[in-house]
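A short worksheet on the structure shown next.
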Amino acid sequence: MTETCVLLVEDDPNIVDLVRSNLMARGYRVEVSTTGSDVEQMLEQFDPAIVLLDLGLPDTSGFDLCRSIRERSDVGLIVVSARTGEIDKVRALNLGADDYITKPFGIDELLARMVATLRRSRIVEPVSQDTILKFGDLEIDLEAKLVQRNGERIQLTPTEYALLRYLALNPGVLLTYERLLREVWGRGYENSREYVRVYVGRLRAKLEYDGEETLIVTEPRAGYRLIPPEQ
């Protein structure tokens, strides 16, 4: 079995040693960058499944690097930062991070969040599942994990795709924050409503045209539902 590669972008040697030793003991392959300048090259060279990104790098803004990584790749991206403010967390999520962990953290928590991120990128459809879902000019190919509008591909991150997939498999149904967090993000995210709000916003920005009828409808204080255009 091929080892899952993790790219750790962190300049604190104590955290590097802690994370690397624990991940390697569990069968992960870990590559380390202590600066942001060589991250792009390492993404191409090692093709990691997950990037663990510290925001406080010595040579690069972690937020700029978060944006740059997401523009180049749909790799699982988990920010690991000493910044505990919700503003920083939401900013990182808006820039494309799949998750956000604050320091100090436990290895068990890190591993759980890595597994959840990998699960969203490795969704396998049931054999009996219809493979093509259509909503007006929006088409979702579940088998290929391909989303198109008017034949033009829309690039989604694994988390964006997992959220859209779940909304699309339940058209017209009110999906509460709690249900979306449980089904898309998994256990441990029960109190993370900001994840849903940020990622619904990201989907709307990519899927909806200005001035047209809303595809994903907000139910105030409750959740969201995807409304097919014909409804």
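By convention here, the chains of the structure tokens are called A, B, ... in the order presented, each chain's residues are numbered starting at 1, and ligands are numbered starting at 1 in the order presented.
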
Can you tell me, as a ChimeraX atom specification, what residues are no more than 7 Å from stretch 38-48 of chain A when counting only C-alpha atoms, ignoring any on the same chain fewer than 6 positions away?
-> /A:5-7

Output file for the residues above (N, CA and C atoms, as a PDB file, in the first residue's frame):
ATOM      1  N   CYS A   5       1.272  10.701   1.869  1.00  0.00           N
ATOM      2  CA  CYS A   5       2.301  11.723   2.062  1.00  0.00           C
ATOM      3  C   CYS A   5       1.686  12.977   2.687  1.00  0.00           C
ATOM      4  N   VAL A   6       2.345  13.476   3.720  1.00  0.00           N
ATOM      5  CA  VAL A   6       1.942  14.701   4.396  1.00  0.00           C
ATOM      6  C   VAL A   6       3.075  15.715   4.264  1.00  0.00           C
ATOM      7  N   LEU A   7       2.748  16.912   3.810  1.00  0.00           N
ATOM      8  CA  LEU A   7       3.716  17.997   3.760  1.00  0.00           C
ATOM      9  C   LEU A   7       3.484  18.899   4.968  1.00  0.00           C
TER      10      LEU A   7
END

With stretch 84-99 of chain A as the partner and 9 Å as the cut-off, tabulate the residues of stretch 131-189 of chain A that qualify, each row holding the nearest pair of atoms and their distance in Å to one decimal, using only C-alpha atoms, sorted by chain and rising number, as a Markdown table.
| residue | atom | partner | partner_atom | distance |
| --- | --- | --- | --- | --- |
| A:Thr157 | CA | A:Gly96 | CA | 7.8 |
| A:Pro158 | CA | A:Asp98 | CA | 8.2 |
| A:Thr159 | CA | A:Asp98 | CA | 6.4 |
| A:Glu160 | CA | A:Asp98 | CA | 8.8 |

Write a file of the selected residues as a PDB file, in the first residue's frame, keeping C-alpha atoms.
ATOM      1  CA  THR A 157     -11.788  21.536  -3.369  1.00  0.00           C
ATOM      2  CA  PRO A 158     -12.564  18.159  -1.729  1.00  0.00           C
ATOM      3  CA  THR A 159     -14.534  19.858   1.038  1.00  0.00           C
ATOM      4  CA  GLU A 160     -16.494  22.032  -1.395  1.00  0.00           C
TER       5      GLU A 160
END

Enumerate as a ChimeraX atom specification all residues of stretch 37-199 of chain A assigned to strand (DSSP E) by DSSP on the backbone, naming them with the chain letters and numbers the document uses.
-> /A:50-53,76-81,99-102,132-135,138-141,146-149,152-153,175-176

Could the residues in this selection be written to a file with N, CA and C atoms, as an mmCIF file, in the first residue's frame?
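New file again.cif:
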data_model
loop_
_atom_site.group_PDB
_atom_site.id
_atom_site.type_symbol
_atom_site.label_atom_id
_atom_site.label_comp_id
_atom_site.auth_asym_id
_atom_site.auth_seq_id
_atom_site.Cartn_x
_atom_site.Cartn_y
_atom_site.Cartn_z
ATOM 1 N N ILE A 50 -2.066 15.706 2.037
ATOM 2 C CA ILE A 50 -2.438 16.730 3.014
ATOM 3 C C ILE A 50 -1.259 17.674 3.229
ATOM 4 N N VAL A 51 -1.560 18.953 3.390
ATOM 5 C CA VAL A 51 -0.582 19.949 3.824
ATOM 6 C C VAL A 51 -0.989 20.430 5.203
ATOM 7 N N LEU A 52 -0.056 20.382 6.159
ATOM 8 C CA LEU A 52 -0.246 20.974 7.478
ATOM 9 C C LEU A 52 0.520 22.290 7.482
ATOM 10 N N LEU A 53 -0.192 23.403 7.555
ATOM 11 C CA LEU A 53 0.403 24.719 7.317
ATOM 12 C C LEU A 53 0.356 25.605 8.558
ATOM 13 N N GLY A 76 -5.668 18.385 0.416
ATOM 14 C CA GLY A 76 -6.227 18.642 1.730
ATOM 15 C C GLY A 76 -5.342 19.628 2.475
ATOM 16 N N LEU A 77 -5.923 20.717 2.984
ATOM 17 C CA LEU A 77 -5.137 21.801 3.570
ATOM 18 C C LEU A 77 -5.642 22.097 4.980
ATOM 19 N N ILE A 78 -4.804 21.790 5.973
ATOM 20 C CA ILE A 78 -5.152 22.025 7.370
ATOM 21 C C ILE A 78 -4.203 23.069 7.941
ATOM 22 N N VAL A 79 -4.748 24.168 8.391
ATOM 23 C CA VAL A 79 -3.944 25.202 9.034
ATOM 24 C C VAL A 79 -3.737 24.819 10.496
ATOM 25 N N VAL A 80 -2.483 24.897 10.956
ATOM 26 C CA VAL A 80 -2.129 24.622 12.350
ATOM 27 C C VAL A 80 -1.468 25.888 12.884
ATOM 28 N N SER A 81 -2.164 26.616 13.758
ATOM 29 C CA SER A 81 -1.704 27.959 14.099
ATOM 30 C C SER A 81 -1.895 28.277 15.572
ATOM 31 N N ASP A 99 -9.517 22.894 7.097
ATOM 32 C CA ASP A 99 -9.677 22.803 8.542
ATOM 33 C C ASP A 99 -8.689 23.744 9.217
ATOM 34 N N TYR A 100 -8.894 23.967 10.522
ATOM 35 C CA TYR A 100 -8.073 24.909 11.276
ATOM 36 C C TYR A 100 -7.923 24.366 12.686
ATOM 37 N N ILE A 101 -6.670 24.135 13.111
ATOM 38 C CA ILE A 101 -6.380 23.636 14.452
ATOM 39 C C ILE A 101 -5.502 24.661 15.159
ATOM 40 N N THR A 102 -5.810 24.931 16.422
ATOM 41 C CA THR A 102 -5.023 25.888 17.179
ATOM 42 C C THR A 102 -3.992 25.176 18.056
ATOM 43 N N ILE A 132 -25.030 10.685 -12.432
ATOM 44 C CA ILE A 132 -25.132 12.056 -12.923
ATOM 45 C C ILE A 132 -26.324 12.748 -12.270
ATOM 46 N N LEU A 133 -26.060 13.872 -11.624
ATOM 47 C CA LEU A 133 -27.121 14.693 -11.051
ATOM 48 C C LEU A 133 -27.162 16.001 -11.831
ATOM 49 N N LYS A 134 -28.377 16.431 -12.228
ATOM 50 C CA LYS A 134 -28.516 17.652 -13.018
ATOM 51 C C LYS A 134 -29.465 18.616 -12.329
ATOM 52 N N PHE A 135 -29.053 19.874 -12.268
ATOM 53 C CA PHE A 135 -29.857 20.945 -11.707
ATOM 54 C C PHE A 135 -29.776 22.111 -12.674
ATOM 55 N N LEU A 138 -26.430 22.978 -14.324
ATOM 56 C CA LEU A 138 -25.384 22.447 -13.452
ATOM 57 C C LEU A 138 -25.430 20.925 -13.465
ATOM 58 N N GLU A 139 -24.284 20.305 -13.701
ATOM 59 C CA GLU A 139 -24.205 18.845 -13.771
ATOM 60 C C GLU A 139 -23.118 18.341 -12.830
ATOM 61 N N ILE A 140 -23.477 17.337 -12.027
ATOM 62 C CA ILE A 140 -22.541 16.747 -11.070
ATOM 63 C C ILE A 140 -22.368 15.279 -11.413
ATOM 64 N N ASP A 141 -21.175 14.916 -11.841
ATOM 65 C CA ASP A 141 -20.838 13.533 -12.147
ATOM 66 C C ASP A 141 -20.226 12.924 -10.889
ATOM 67 N N LEU A 146 -16.829 15.234 -10.914
ATOM 68 C CA LEU A 146 -16.682 16.337 -11.854
ATOM 69 C C LEU A 146 -17.932 17.207 -11.809
ATOM 70 N N VAL A 147 -17.744 18.513 -11.665
ATOM 71 C CA VAL A 147 -18.856 19.456 -11.647
ATOM 72 C C VAL A 147 -18.701 20.394 -12.833
ATOM 73 N N GLN A 148 -19.784 20.511 -13.633
ATOM 74 C CA GLN A 148 -19.741 21.359 -14.823
ATOM 75 C C GLN A 148 -20.984 22.245 -14.876
ATOM 76 N N ARG A 149 -20.813 23.397 -15.479
ATOM 77 C CA ARG A 149 -21.948 24.268 -15.761
ATOM 78 C C ARG A 149 -21.862 24.690 -17.206
ATOM 79 N N GLU A 152 -18.748 23.652 -18.877
ATOM 80 C CA GLU A 152 -17.477 24.186 -18.402
ATOM 81 C C GLU A 152 -17.201 23.684 -16.992
ATOM 82 N N ARG A 153 -16.033 23.111 -16.808
ATOM 83 C CA ARG A 153 -15.694 22.526 -15.513
ATOM 84 C C ARG A 153 -15.547 23.594 -14.445
ATOM 85 N N LEU A 175 -31.378 20.965 5.363
ATOM 86 C CA LEU A 175 -30.259 20.287 6.010
ATOM 87 C C LEU A 175 -29.734 21.218 7.098
ATOM 88 N N THR A 176 -29.890 20.817 8.340
ATOM 89 C CA THR A 176 -29.486 21.655 9.457
ATOM 90 C C THR A 176 -27.963 21.740 9.535
#

For A:Asn22, please output as a PyMOL selection string all residues within 8 Å (counting only C-alpha atoms; exclusion window: fewer than 4 positions along the same chain).
-> chain A and resi 18+26+107

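Of the residues listed (A:Gly188, A:Thr218, A:Ser21, A:Gly201), A:Gly188 shows the shortest atom-to-atom separation from A:Val115; distances use only C-alpha atoms.
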
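Nearest to A:Leu110 of all the residues A:Arg72, A:Leu23, A:Glu183, A:Cys66 is A:Leu23, counting only C-alpha atoms.
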
Between A:Arg83, A:Leu55, A:Arg165, A:Met114, which one has atoms that come closest to A:Leu203, using only C-alpha atoms?
-> A:Arg165

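In this structure, atom CA of A:Val9 sits 23.9 Å away from atom CA of A:Tyr189.
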
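The residue set within 9 Å of A:Ile216, counting only C-alpha atoms and dropping same-chain residues fewer than 5 places from it, reads Leu167, Val200, Leu203, Arg204, Glu208, Tyr224, Arg225, Leu226, Ile227 and Pro228 of chain A.
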
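Pairwise distance (atom CA of A:Ser33, atom CA of A:Val16) equals 9.4 Å.
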